[in-house]
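See below for protein.pdb, which holds PDB, C-alpha atoms.
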```
ATOM      1  CA  MET T   1      26.225  -6.154   3.538
ATOM      2  CA  PRO T   2      22.793  -7.828   3.598
ATOM      3  CA  LEU T   3      20.891  -7.887   6.868
ATOM      4  CA  LEU T   4      20.311 -11.675   6.682
ATOM      5  CA  LEU T   5      17.094 -11.874   8.678
ATOM      6  CA  SER T   6      16.945 -14.592  11.319
ATOM      7  CA  LYS T   7      13.922 -16.085  13.041
ATOM      8  CA  HIS T   8      14.860 -13.992  16.095
ATOM      9  CA  THR T   9      15.167 -10.629  14.316
ATOM     10  CA  ARG T  10      13.103  -8.059  16.202
ATOM     11  CA  ILE T  11      10.585  -6.715  13.684
ATOM     12  CA  PHE T  12       8.200  -3.857  14.504
ATOM     13  CA  ILE T  13       5.162  -3.876  12.190
ATOM     14  CA  ALA T  14       3.552  -0.448  12.445
ATOM     15  CA  GLY T  15      -0.072  -0.696  11.348
ATOM     16  CA  HIS T  16      -0.314  -4.453  11.891
ATOM     17  CA  ARG T  17      -4.123  -4.417  11.850
ATOM     18  CA  GLY T  18      -4.360  -2.920   8.369
ATOM     19  CA  MET T  19      -4.283  -4.820   5.105
ATOM     20  CA  ILE T  20      -0.551  -4.483   4.391
ATOM     21  CA  GLY T  21       0.520  -4.740   8.034
ATOM     22  CA  SER T  22      -1.571  -7.848   8.666
ATOM     23  CA  ALA T  23      -0.155  -9.427   5.503
ATOM     24  CA  PHE T  24       3.325  -9.024   7.013
ATOM     25  CA  VAL T  25       2.152 -10.573  10.281
ATOM     26  CA  ARG T  26       0.870 -13.604   8.361
ATOM     27  CA  HIS T  27       4.004 -13.774   6.218
ATOM     28  CA  PHE T  28       6.539 -13.611   9.039
ATOM     29  CA  THR T  29       4.493 -15.859  11.346
ATOM     30  CA  ALA T  30       4.245 -18.530   8.653
ATOM     31  CA  ALA T  31       8.005 -18.243   8.103
ATOM     32  CA  GLY T  32       8.676 -18.896  11.801
ATOM     33  CA  PHE T  33       9.720 -15.439  12.972
ATOM     34  CA  SER T  34       9.253 -15.272  16.739
ATOM     35  CA  GLN T  35      10.076 -11.655  17.628
ATOM     36  CA  LEU T  36       7.296  -9.611  16.009
ATOM     37  CA  ILE T  37       6.592  -6.354  17.861
ATOM     38  CA  LEU T  38       2.954  -5.283  17.480
ATOM     39  CA  ARG T  39       1.169  -2.296  18.990
ATOM     40  CA  GLY T  40      -2.386  -1.173  18.388
ATOM     41  CA  HIS T  41      -3.441   2.456  18.131
ATOM     42  CA  GLU T  42      -4.655   2.402  21.722
ATOM     43  CA  GLU T  43      -1.209   1.213  22.906
ATOM     44  CA  LEU T  44       1.004   3.466  20.795
ATOM     45  CA  GLU T  45      -0.112   6.694  19.115
ATOM     46  CA  LEU T  46       2.320   7.149  16.228
ATOM     47  CA  THR T  47       1.498  10.849  15.869
ATOM     48  CA  ASP T  48       2.837  11.370  19.421
ATOM     49  CA  LYS T  49       6.550  12.095  19.020
ATOM     50  CA  ALA T  50       7.448  11.479  22.670
ATOM     51  CA  ALA T  51       5.526   8.203  22.818
ATOM     52  CA  VAL T  52       7.200   6.926  19.649
ATOM     53  CA  ALA T  53      10.652   7.895  20.931
ATOM     54  CA  ALA T  54      10.055   6.104  24.252
ATOM     55  CA  PHE T  55       8.754   3.000  22.468
ATOM     56  CA  PHE T  56      11.819   2.715  20.212
ATOM     57  CA  ALA T  57      14.215   3.298  23.112
ATOM     58  CA  GLU T  58      12.542   0.507  25.095
ATOM     59  CA  GLN T  59      11.879  -2.071  22.361
ATOM     60  CA  ARG T  60      14.941  -1.540  20.138
ATOM     61  CA  PRO T  61      13.547  -3.123  16.963
ATOM     62  CA  GLN T  62      16.079  -4.162  14.325
ATOM     63  CA  VAL T  63      13.622  -3.922  11.430
ATOM     64  CA  VAL T  64      10.630  -1.609  10.992
ATOM     65  CA  ILE T  65       7.739  -2.190   8.584
ATOM     66  CA  LEU T  66       6.105   1.250   8.346
ATOM     67  CA  ALA T  67       2.646   0.231   7.115
ATOM     68  CA  ALA T  68       0.717   2.679   9.324
ATOM     69  CA  GLY T  69      -0.963   5.755   7.920
ATOM     70  CA  LYS T  70      -4.211   7.280   6.730
ATOM     71  CA  VAL T  71      -5.366   5.793   3.416
ATOM     72  CA  GLY T  72      -8.577   5.957   1.396
ATOM     73  CA  GLY T  73     -10.189   6.275  -2.005
ATOM     74  CA  ILE T  74     -11.070   9.315  -4.103
ATOM     75  CA  VAL T  75     -14.030  10.339  -1.925
ATOM     76  CA  GLU T  76     -12.006  10.490   1.298
ATOM     77  CA  ASN T  77      -9.023  12.121  -0.386
ATOM     78  CA  LEU T  78     -11.239  14.910  -1.700
ATOM     79  CA  THR T  79     -13.119  15.342   1.577
ATOM     80  CA  TYR T  80     -10.284  15.199   4.129
ATOM     81  CA  PRO T  81      -7.072  16.424   2.440
ATOM     82  CA  ALA T  82      -5.813  18.162   5.612
ATOM     83  CA  ASP T  83      -6.209  14.952   7.615
ATOM     84  CA  PHE T  84      -4.379  12.936   4.956
ATOM     85  CA  ILE T  85      -1.349  15.187   4.722
ATOM     86  CA  THR T  86      -1.064  15.980   8.443
ATOM     87  CA  ARG T  87      -1.499  12.493   9.883
ATOM     88  CA  ASN T  88       0.805  10.827   7.383
ATOM     89  CA  LEU T  89       3.540  13.439   7.775
ATOM     90  CA  GLU T  90       3.405  13.117  11.558
ATOM     91  CA  ILE T  91       3.606   9.317  11.552
ATOM     92  CA  GLN T  92       6.409   9.198   8.980
ATOM     93  CA  THR T  93       8.503  11.844  10.692
ATOM     94  CA  ASN T  94       8.189  10.331  14.153
ATOM     95  CA  VAL T  95       8.883   6.728  13.126
ATOM     96  CA  ILE T  96      11.737   7.424  10.700
ATOM     97  CA  HIS T  97      13.493   9.794  13.114
ATOM     98  CA  SER T  98      13.219   7.342  16.027
ATOM     99  CA  ALA T  99      14.342   4.467  13.807
ATOM    100  CA  HIS T 100      17.492   6.396  12.927
ATOM    101  CA  HIS T 101      18.141   7.523  16.491
ATOM    102  CA  ASN T 102      17.842   3.959  17.820
ATOM    103  CA  GLY T 103      19.959   2.224  15.194
ATOM    104  CA  VAL T 104      17.273   0.347  13.255
ATOM    105  CA  GLU T 105      19.036  -1.755  10.620
ATOM    106  CA  ARG T 106      16.306  -1.698   7.963
ATOM    107  CA  LEU T 107      13.087   0.277   7.591
ATOM    108  CA  LEU T 108      10.501  -0.269   4.863
ATOM    109  CA  PHE T 109       8.446   2.804   3.971
ATOM    110  CA  PHE T 110       5.351   2.317   1.818
ATOM    111  CA  ALA T 111       4.829   5.108  -0.661
ATOM    112  CA  SER T 112       2.163   5.204  -3.382
ATOM    113  CA  SER T 113       1.876   5.220  -7.159
ATOM    114  CA  CYS T 114      -0.294   8.350  -6.841
ATOM    115  CA  MET T 115       2.976  10.276  -6.294
ATOM    116  CA  TYR T 116       3.736  10.023 -10.007
ATOM    117  CA  PRO T 117       2.709  12.860 -12.339
ATOM    118  CA  ARG T 118      -0.823  12.656 -13.683
ATOM    119  CA  GLU T 119       0.622  12.795 -17.194
ATOM    120  CA  CYS T 120       3.457  10.280 -17.074
ATOM    121  CA  PRO T 121       5.068   7.947 -19.621
ATOM    122  CA  GLN T 122       3.863   4.366 -19.151
ATOM    123  CA  PRO T 123       5.050   2.203 -17.513
ATOM    124  CA  MET T 124       6.153   4.682 -14.842
ATOM    125  CA  ALA T 125       9.833   4.441 -13.909
ATOM    126  CA  GLU T 126      11.110   5.701 -10.553
ATOM    127  CA  THR T 127      13.074   8.401 -12.376
ATOM    128  CA  ALA T 128       9.762  10.063 -13.357
ATOM    129  CA  LEU T 129       9.014  11.114  -9.760
ATOM    130  CA  LEU T 130       8.844  14.919  -9.347
ATOM    131  CA  SER T 131       8.816  15.431 -13.124
ATOM    132  CA  GLY T 132       5.237  16.764 -13.003
ATOM    133  CA  LYS T 133       2.195  17.360 -10.774
ATOM    134  CA  PRO T 134       0.313  14.409  -9.239
ATOM    135  CA  GLU T 135      -3.411  13.884  -9.812
ATOM    136  CA  VAL T 136      -5.336  16.628  -8.009
ATOM    137  CA  THR T 137      -7.835  14.239  -6.354
ATOM    138  CA  SER T 138      -5.022  12.666  -4.284
ATOM    139  CA  MET T 139      -2.629  15.626  -4.064
ATOM    140  CA  ALA T 140      -2.427  15.896  -0.257
ATOM    141  CA  TYR T 141      -1.777  12.179   0.206
ATOM    142  CA  ALA T 142       0.727  12.138  -2.654
ATOM    143  CA  MET T 143       2.699  15.044  -1.194
ATOM    144  CA  ALA T 144       2.904  13.355   2.211
ATOM    145  CA  LYS T 145       4.190  10.165   0.603
ATOM    146  CA  LEU T 146       6.703  12.070  -1.528
ATOM    147  CA  ALA T 147       8.006  13.670   1.646
ATOM    148  CA  GLY T 148       8.394  10.229   3.241
ATOM    149  CA  VAL T 149      10.367   8.938   0.261
ATOM    150  CA  GLN T 150      12.665  11.944   0.322
ATOM    151  CA  MET T 151      13.113  11.599   4.089
ATOM    152  CA  CYS T 152      14.311   7.996   3.650
ATOM    153  CA  LEU T 153      16.687   8.979   0.866
ATOM    154  CA  ALA T 154      17.972  11.962   2.851
ATOM    155  CA  TYR T 155      18.859   9.821   5.884
ATOM    156  CA  ASN T 156      20.574   7.275   3.620
ATOM    157  CA  GLN T 157      22.545  10.022   1.908
ATOM    158  CA  GLN T 158      23.555  11.963   5.004
ATOM    159  CA  TYR T 159      24.618   8.928   7.026
ATOM    160  CA  GLY T 160      26.042   6.859   4.174
ATOM    161  CA  GLU T 161      23.961   3.705   4.601
ATOM    162  CA  GLN T 162      21.084   2.174   2.621
ATOM    163  CA  ARG T 163      19.052   1.435   5.754
ATOM    164  CA  PHE T 164      15.755   3.097   4.856
ATOM    165  CA  ILE T 165      13.964   1.515   1.893
ATOM    166  CA  PRO T 166      11.102   3.442   0.225
ATOM    167  CA  VAL T 167       8.967   1.131  -1.908
ATOM    168  CA  ILE T 168       6.150   2.103  -4.265
ATOM    169  CA  PRO T 169       3.497  -0.624  -4.577
ATOM    170  CA  ASN T 170       0.565  -0.287  -6.942
ATOM    171  CA  SER T 171      -3.049  -0.756  -5.772
ATOM    172  CA  VAL T 172      -2.471  -3.451  -3.159
ATOM    173  CA  TYR T 173      -5.453  -5.670  -2.316
ATOM    174  CA  GLY T 174      -6.088  -8.808  -0.324
ATOM    175  CA  PRO T 175      -7.465 -10.138   2.981
ATOM    176  CA  ASN T 176      -8.330  -7.546   5.627
ATOM    177  CA  ASP T 177      -8.829  -4.835   3.015
ATOM    178  CA  ASN T 178     -11.158  -1.875   3.592
ATOM    179  CA  PHE T 179     -14.364  -2.876   1.798
ATOM    180  CA  ASP T 180     -16.327   0.306   2.529
ATOM    181  CA  PRO T 181     -17.657   1.728  -0.788
ATOM    182  CA  GLN T 182     -17.112   5.284   0.476
ATOM    183  CA  THR T 183     -13.602   4.975   1.941
ATOM    184  CA  GLY T 184     -12.051   1.891   0.322
ATOM    185  CA  HIS T 185      -9.995   1.607  -2.840
ATOM    186  CA  VAL T 186     -11.606   0.546  -6.076
ATOM    187  CA  LEU T 187     -11.177  -3.246  -6.023
ATOM    188  CA  SER T 188     -12.345  -3.803  -2.454
ATOM    189  CA  ALA T 189     -15.155  -1.263  -2.817
ATOM    190  CA  LEU T 190     -16.400  -3.046  -5.959
ATOM    191  CA  ILE T 191     -16.427  -6.379  -4.122
ATOM    192  CA  ASN T 192     -18.746  -4.845  -1.517
ATOM    193  CA  ARG T 193     -20.931  -3.112  -4.114
ATOM    194  CA  PHE T 194     -21.500  -6.246  -6.173
ATOM    195  CA  HIS T 195     -22.008  -8.419  -3.108
ATOM    196  CA  ARG T 196     -24.804  -6.084  -1.990
ATOM    197  CA  ALA T 197     -26.201  -5.987  -5.513
ATOM    198  CA  VAL T 198     -26.359  -9.793  -5.652
ATOM    199  CA  GLN T 199     -28.081  -9.938  -2.261
ATOM    200  CA  ALA T 200     -30.656  -7.357  -3.337
ATOM    201  CA  ALA T 201     -31.033  -8.769  -6.863
ATOM    202  CA  ASP T 202     -30.470  -5.252  -8.208
ATOM    203  CA  PRO T 203     -31.209  -5.054 -11.940
ATOM    204  CA  ILE T 204     -28.608  -2.311 -12.403
ATOM    205  CA  THR T 205     -25.524  -1.128 -10.479
ATOM    206  CA  THR T 206     -24.190   2.376 -11.067
ATOM    207  CA  LEU T 207     -20.467   2.934 -10.569
ATOM    208  CA  TRP T 208     -18.401   6.088 -10.249
ATOM    209  CA  GLY T 209     -16.644   7.566 -13.330
ATOM    210  CA  SER T 210     -16.384   6.348 -16.888
ATOM    211  CA  GLY T 211     -14.718   2.986 -16.276
ATOM    212  CA  ARG T 212     -11.953   3.912 -18.750
ATOM    213  CA  PRO T 213      -8.988   4.453 -16.354
ATOM    214  CA  ARG T 214      -6.603   1.515 -16.227
ATOM    215  CA  ARG T 215      -5.242   0.190 -12.943
ATOM    216  CA  GLU T 216      -2.578  -2.321 -11.903
ATOM    217  CA  PHE T 217      -3.298  -4.509  -8.876
ATOM    218  CA  LEU T 218      -0.865  -6.297  -6.562
ATOM    219  CA  HIS T 219      -1.870  -8.952  -4.050
ATOM    220  CA  ALA T 220      -0.623  -8.257  -0.520
ATOM    221  CA  ALA T 221       1.127 -11.642  -0.336
ATOM    222  CA  ASP T 222       3.179 -10.785  -3.440
ATOM    223  CA  LEU T 223       4.099  -7.467  -1.832
ATOM    224  CA  THR T 224       5.330  -9.127   1.365
ATOM    225  CA  ALA T 225       7.448 -11.578  -0.638
ATOM    226  CA  ALA T 226       9.079  -8.724  -2.561
ATOM    227  CA  CYS T 227       9.739  -6.782   0.636
ATOM    228  CA  HIS T 228      11.229  -9.797   2.415
ATOM    229  CA  LEU T 229      13.661 -10.099  -0.489
ATOM    230  CA  LEU T 230      14.619  -6.431  -0.086
ATOM    231  CA  LEU T 231      15.119  -6.772   3.664
ATOM    232  CA  ASP T 232      17.522  -9.649   3.057
ATOM    233  CA  ALA T 233      19.336  -8.117   0.069
ATOM    234  CA  ASP T 234      22.636  -6.301  -0.237
ATOM    235  CA  LEU T 235      21.265  -2.868  -1.136
ATOM    236  CA  GLY T 236      24.628  -1.278  -1.841
ATOM    237  CA  ALA T 237      24.067  -1.377  -5.595
ATOM    238  CA  VAL T 238      20.253  -0.993  -5.551
ATOM    239  CA  GLU T 239      18.873   2.374  -6.609
ATOM    240  CA  LEU T 240      16.002   3.637  -4.465
ATOM    241  CA  PRO T 241      13.034   4.109  -4.364
ATOM    242  CA  ILE T 242      11.802   0.875  -5.912
ATOM    243  CA  ASN T 243       8.488   0.112  -7.640
ATOM    244  CA  ILE T 244       6.590  -3.100  -6.880
ATOM    245  CA  GLY T 245       3.833  -3.932  -9.361
ATOM    246  CA  SER T 246       2.267  -6.943 -11.046
ATOM    247  CA  GLY T 247       3.150  -5.716 -14.543
ATOM    248  CA  TYR T 248      -0.448  -6.023 -15.749
ATOM    249  CA  ASP T 249      -3.225  -3.438 -15.802
ATOM    250  CA  LEU T 250      -6.801  -3.362 -17.048
ATOM    251  CA  PRO T 251      -9.643  -0.825 -17.384
ATOM    252  CA  ILE T 252     -11.842  -0.342 -14.330
ATOM    253  CA  SER T 253     -14.796  -1.391 -16.513
ATOM    254  CA  GLU T 254     -13.161  -4.807 -17.102
ATOM    255  CA  LEU T 255     -12.329  -5.102 -13.403
ATOM    256  CA  ALA T 256     -15.993  -4.446 -12.578
ATOM    257  CA  GLN T 257     -17.133  -7.101 -15.062
ATOM    258  CA  LEU T 258     -14.623  -9.595 -13.637
ATOM    259  CA  ILE T 259     -15.765  -9.023 -10.055
ATOM    260  CA  ALA T 260     -19.422  -9.175 -11.104
ATOM    261  CA  ARG T 261     -18.787 -12.544 -12.778
ATOM    262  CA  ILE T 262     -16.887 -13.968  -9.809
ATOM    263  CA  LEU T 263     -19.644 -12.909  -7.402
ATOM    264  CA  GLY T 264     -22.436 -14.069  -9.707
ATOM    265  CA  TYR T 265     -24.037 -10.674 -10.388
ATOM    266  CA  GLN T 266     -26.515 -10.925 -13.278
ATOM    267  CA  GLY T 267     -27.625  -7.296 -13.595
ATOM    268  CA  ASP T 268     -26.381  -4.443 -15.761
ATOM    269  CA  ILE T 269     -23.550  -2.022 -14.948
ATOM    270  CA  SER T 270     -23.856   1.707 -15.653
ATOM    271  CA  TRP T 271     -21.334   4.515 -15.155
ATOM    272  CA  ASP T 272     -21.870   7.930 -13.577
ATOM    273  CA  THR T 273     -19.627  10.015 -15.825
ATOM    274  CA  GLU T 274     -20.291  13.155 -13.768
ATOM    275  CA  ARG T 275     -17.933  11.688 -11.150
ATOM    276  CA  PRO T 276     -14.138  12.078 -11.474
ATOM    277  CA  ASP T 277     -11.999   9.312 -12.943
ATOM    278  CA  GLY T 278      -8.659  10.226 -11.389
ATOM    279  CA  THR T 279      -5.461   9.451 -13.285
ATOM    280  CA  LEU T 280      -6.167   7.589 -16.527
ATOM    281  CA  ARG T 281      -3.301   5.106 -16.181
ATOM    282  CA  LYS T 282      -0.781   4.154 -13.461
ATOM    283  CA  LEU T 283       1.261   1.162 -14.646
ATOM    284  CA  LEU T 284       4.575   0.776 -12.814
ATOM    285  CA  ASP T 285       7.929  -0.112 -14.301
ATOM    286  CA  SER T 286       9.009  -2.801 -11.821
ATOM    287  CA  SER T 287      12.287  -3.737 -13.508
ATOM    288  CA  ARG T 288      14.384  -2.790 -10.442
ATOM    289  CA  ILE T 289      12.709  -5.321  -8.144
ATOM    290  CA  GLN T 290      12.526  -7.912 -10.927
ATOM    291  CA  ALA T 291      16.287  -7.605 -11.412
ATOM    292  CA  LEU T 292      16.664  -8.830  -7.807
ATOM    293  CA  GLY T 293      14.801 -12.023  -8.670
ATOM    294  CA  TRP T 294      11.190 -11.216  -7.693
ATOM    295  CA  GLN T 295       8.108 -11.979  -9.773
ATOM    296  CA  PRO T 296       4.438 -11.786  -8.718
ATOM    297  CA  GLY T 297       2.828 -15.168  -8.150
ATOM    298  CA  ILE T 298      -0.908 -14.515  -7.667
ATOM    299  CA  ALA T 299      -3.089 -13.966 -10.738
ATOM    300  CA  LEU T 300      -5.769 -11.296 -10.458
ATOM    301  CA  GLU T 301      -8.806 -13.578 -10.682
ATOM    302  CA  ALA T 302      -7.413 -15.984  -8.089
ATOM    303  CA  GLY T 303      -6.548 -13.061  -5.840
ATOM    304  CA  ILE T 304     -10.040 -11.585  -6.120
ATOM    305  CA  ARG T 305     -11.611 -14.941  -5.262
ATOM    306  CA  GLN T 306      -9.408 -15.235  -2.175
ATOM    307  CA  THR T 307     -10.133 -11.647  -1.160
ATOM    308  CA  TYR T 308     -13.869 -12.194  -1.539
ATOM    309  CA  GLY T 309     -13.566 -15.263   0.657
ATOM    310  CA  SER T 310     -11.905 -13.177   3.350
ATOM    311  CA  PHE T 311     -14.663 -10.576   2.957
ATOM    312  CA  LEU T 312     -17.292 -13.244   3.660
ATOM    313  CA  GLU T 313     -15.343 -14.729   6.576
ATOM    314  CA  SER T 314     -14.723 -11.359   8.223
ATOM    315  CA  GLY T 315     -18.390 -10.591   8.759
ATOM    316  CA  HIS T 316     -18.599  -7.749   6.213
ATOM    317  CA  ALA T 317     -21.201  -9.642   4.210
TER     318      ALA T 317
END
```

Please, can you express the file's structure as structure tokens?
Amino acid sequence: MPLLLSKHTRIFIAGHRGMIGSAFVRHFTAAGFSQLILRGHEELELTDKAAVAAFFAEQRPQVVILAAGKVGGIVENLTYPADFITRNLEIQTNVIHSAHHNGVERLLFFASSCMYPRECPQPMAETALLSGKPEVTSMAYAMAKLAGVQMCLAYNQQYGEQRFIPVIPNSVYGPNDNFDPQTGHVLSALINRFHRAVQAADPITTLWGSGRPRREFLHAADLTAACHLLLDADLGAVELPINIGSGYDLPISELAQLIARILGYQGDISWDTERPDGTLRKLLDSSRIQALGWQPGIALEAGIRQTYGSFLESGHA
């Protein structure tokens, strides 16, 4: 049976200060939900098993949005692979185990498109998971996320209930993103790079890689809408995990040109081809979520303009 969320459903948003977590705070607040449970890192350390267990026993959330974890771009993934795999495994294990032990009705786990094989038929269907090796530049992160997906499916299988929902969004962006060029993902990092280039009137901006890889981008507000649908759905006949993508991808070179135009950059763009590209294409097959009635609503250019506005308002500029 569907959960049928009410305005008084107790919802724990783990990672509520991050981009995805804060999008859920905005979404549920705007929808009138009054029982959001929020804890910062200084209040609840999710890698501490005992602290997580005590928190769940005391708060008894009905729904968990597991948006906490260590994320980053190619540079961070290559530099800190041990941190990526260890921290994410610890958080996932602690939260999912405590959610089961305390009778949580629904848990959303956010996986990643980087789990798919580097060489994968496009668009990538959920059935392609584990059919080949992920891209080496994000291997540690991908393996942690694969473990989280399998943990959700294992609990569902062993206890006979579709309570834990692993979703696979593709390149989420939006307000409160990480705009650091060294640690952020490509879209947010490019916003920062071109903003600085405009300020400095740089005649040329050099970007990492060849610009040829294609990427699919999903606005955080579209992700929250899709996830709200899943939380309220009868999942008995829904096969998990479930992709959530916009259905449209473009080369990084075109993304860079689009962002440069939106921000008013007049200089030239060059590419440092000595730097790695990562996977050449990662377009998701989102037919499972579309069959439930969801479609993305925010076009890429409009989403970038909104995200840039939040970048300026947040004091990053």

- Might you spell out which residues the PyMOL selection byres ((chain T and resi 106) around 7) would select in the displayed file, as a PyMOL selection string? chain T and resi 62-64+104-105+107-108+163-164+231

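With only C-alpha atoms as the atoms that count, the residue of T:Val167, T:Leu300, T:Leu5, T:Leu44 with the shortest distance to Leu223 in chain T is T:Val167.
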
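Straight-line separation from CA of Leu250 in chain T to CA of Ala68 in chain T: 28.1 Å.
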
- Pick from T:Arg281, T:His101, T:Arg288, T:Arg305, whichever lies nearest to Ser188 in chain T using all atoms listed in the file: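 Of T:Arg281, T:His101, T:Arg288, T:Arg305, the one nearest Ser188 in chain T, counting all atoms listed in the file, is T:Arg305.
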
Axis-aligned box over every listed atom of range 237-255 of chain T, padded by 6 Å per side: centre and edges in Å to one decimal, as AutoDock Vina command-line options?
```
--center_x 4.6 --center_y -1.4 --center_z -10.9 --size_x 50.9 --size_y 23.1 --size_z 25.0
```

- Message: Just checking: using all atoms listed in the file, which residue out of T:Cys227, T:Cys114, T:Ile168, T:Ala256 ends up closest to Thr279 in chain T?
- Response: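 The closest residue to Thr279 in chain T is T:Cys114.
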
- Message: Quick one: residues within 9 Å of Lys7 in chain T, all atoms listed in the file, excluding same-chain residues fewer than 5 positions away - as a ChimeraX atom specification?
- Response: /T:28,31-35

Kindly resolve the PyMOL selection byres ((chain T and resi 181) around 12) on the present coordinates and return the residues as an mmCIF file with C-alpha atoms, keeping the file's coordinate frame.
```cif
data_model
loop_
_atom_site.group_PDB
_atom_site.id
_atom_site.type_symbol
_atom_site.label_atom_id
_atom_site.label_comp_id
_atom_site.auth_asym_id
_atom_site.auth_seq_id
_atom_site.Cartn_x
_atom_site.Cartn_y
_atom_site.Cartn_z
ATOM 1 C CA GLY T 72 -8.577 5.957 1.396
ATOM 2 C CA GLY T 73 -10.189 6.275 -2.005
ATOM 3 C CA ILE T 74 -11.070 9.315 -4.103
ATOM 4 C CA VAL T 75 -14.030 10.339 -1.925
ATOM 5 C CA GLU T 76 -12.006 10.490 1.298
ATOM 6 C CA ASP T 177 -8.829 -4.835 3.015
ATOM 7 C CA ASN T 178 -11.158 -1.875 3.592
ATOM 8 C CA PHE T 179 -14.364 -2.876 1.798
ATOM 9 C CA ASP T 180 -16.327 0.306 2.529
ATOM 10 C CA GLN T 182 -17.112 5.284 0.476
ATOM 11 C CA THR T 183 -13.602 4.975 1.941
ATOM 12 C CA GLY T 184 -12.051 1.891 0.322
ATOM 13 C CA HIS T 185 -9.995 1.607 -2.840
ATOM 14 C CA VAL T 186 -11.606 0.546 -6.076
ATOM 15 C CA LEU T 187 -11.177 -3.246 -6.023
ATOM 16 C CA SER T 188 -12.345 -3.803 -2.454
ATOM 17 C CA ALA T 189 -15.155 -1.263 -2.817
ATOM 18 C CA LEU T 190 -16.400 -3.046 -5.959
ATOM 19 C CA ILE T 191 -16.427 -6.379 -4.122
ATOM 20 C CA ASN T 192 -18.746 -4.845 -1.517
ATOM 21 C CA ARG T 193 -20.931 -3.112 -4.114
ATOM 22 C CA PHE T 194 -21.500 -6.246 -6.173
ATOM 23 C CA HIS T 195 -22.008 -8.419 -3.108
ATOM 24 C CA ARG T 196 -24.804 -6.084 -1.990
ATOM 25 C CA LEU T 207 -20.467 2.934 -10.569
ATOM 26 C CA TRP T 208 -18.401 6.088 -10.249
ATOM 27 C CA HIS T 316 -18.599 -7.749 6.213
#
```

- Task: Could you state which residues are captured by the PyMOL selection byres ((chain T and resi 239-246) around 6) in this file, as a PyMOL selection string?
- Result: chain T and resi 166-170+218+238+247-248+284+286+296

- Could you check how far CA of Thr205 in chain T sits from CA of Gly18 in chain T, in Å to one decimal?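 Computed distance, CA of Thr205 in chain T to CA of Gly18 in chain T, equals 28.4 Å.
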
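The residue set within 12 Å of Gly293 in chain T, counting only C-alpha atoms and dropping same-chain residues fewer than 5 places from it, reads Ala225, Ala226, Cys227, His228, Leu229, Leu230, Ala233, Ser286, Ser287 and Arg288 of chain T.
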
Residues from the last selection, C-alpha atoms, saved as a PDB file, in the frame of the given file:
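Generated file (out-v2.pdb):
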```pdb
ATOM      1  CA  ALA T 225       7.448 -11.578  -0.638  1.00  0.00           C
ATOM      2  CA  ALA T 226       9.079  -8.724  -2.561  1.00  0.00           C
ATOM      3  CA  CYS T 227       9.739  -6.782   0.636  1.00  0.00           C
ATOM      4  CA  HIS T 228      11.229  -9.797   2.415  1.00  0.00           C
ATOM      5  CA  LEU T 229      13.661 -10.099  -0.489  1.00  0.00           C
ATOM      6  CA  LEU T 230      14.619  -6.431  -0.086  1.00  0.00           C
ATOM      7  CA  ALA T 233      19.336  -8.117   0.069  1.00  0.00           C
ATOM      8  CA  SER T 286       9.009  -2.801 -11.821  1.00  0.00           C
ATOM      9  CA  SER T 287      12.287  -3.737 -13.508  1.00  0.00           C
ATOM     10  CA  ARG T 288      14.384  -2.790 -10.442  1.00  0.00           C
TER      11      ARG T 288
END
```

- Pick out the residues sitting within 8 Å of Pro123 in chain T, and hand them over as JSON, numbers by chain; count only C-alpha atoms, and ignore anything fewer than 3 positions along from it in its own chain. {"T": [282, 283, 284, 285]}

- Between T:Gln59, T:Ser22, T:Ser210, T:Gln199, which one has atoms that come closest to Tyr265 in chain T, using all atoms listed in the file?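 Closest to Tyr265 in chain T of all the choices is T:Gln199.
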
- Point out the residue among T:Asp268, T:Ile259, T:Glu274, T:Gly148 with the least atom-to-atom distance to Ala302 in chain T, counting only C-alpha atoms.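 Nearest to Ala302 in chain T: T:Ile259.
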
- Task: Write out as number ranges by chain each polymer residue whose atoms come within 9 Å of Thr93 in chain T, counting all atoms listed in the file; drop sequence neighbours fewer than 5 positions from it.
- Result: T: 47, 49, 88, 98, 148, 151

May I have the residues from that selection written out with C-alpha atoms, as a CSV table (one decimal), in the frame of the given file?
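Saved as selection-v7.csv:
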```
chain,number,residue,atom,x,y,z
T,47,THR,CA,1.5,10.8,15.9
T,49,LYS,CA,6.6,12.1,19.0
T,88,ASN,CA,0.8,10.8,7.4
T,98,SER,CA,13.2,7.3,16.0
T,148,GLY,CA,8.4,10.2,3.2
T,151,MET,CA,13.1,11.6,4.1
```

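Residue nearest Leu255 in chain T, chosen from T:Gly236, T:Pro81, T:Pro213, T:Gly278 and counting only C-alpha atoms: T:Pro213.
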
- Between CA of Lys70 in chain T and CA of Ala23 in chain T, measure the distance and give it in Å to one decimal. 17.2 Å

- Message: Residues within 10 Å of Leu38 in chain T, please, as a list in words. Count only C-alpha atoms; anything in the same chain fewer than 6 positions from it doesn't count.
- Response: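 My list of contacting residues is Ile11, Phe12, Ile13, Ala14, Gly15, His16, Arg17, Gly21, Val25 and Leu44 of chain T.
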
Write a file of the just-selected residues containing C-alpha atoms, as a tab-separated table (two decimals), in the frame of the given file.
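part-v5.tsv, written as the output of this step:
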```
chain	number	residue	atom	x	y	z
T	11	ILE	CA	10.58	-6.72	13.68
T	12	PHE	CA	8.20	-3.86	14.50
T	13	ILE	CA	5.16	-3.88	12.19
T	14	ALA	CA	3.55	-0.45	12.44
T	15	GLY	CA	-0.07	-0.70	11.35
T	16	HIS	CA	-0.31	-4.45	11.89
T	17	ARG	CA	-4.12	-4.42	11.85
T	21	GLY	CA	0.52	-4.74	8.03
T	25	VAL	CA	2.15	-10.57	10.28
T	44	LEU	CA	1.00	3.47	20.80
```
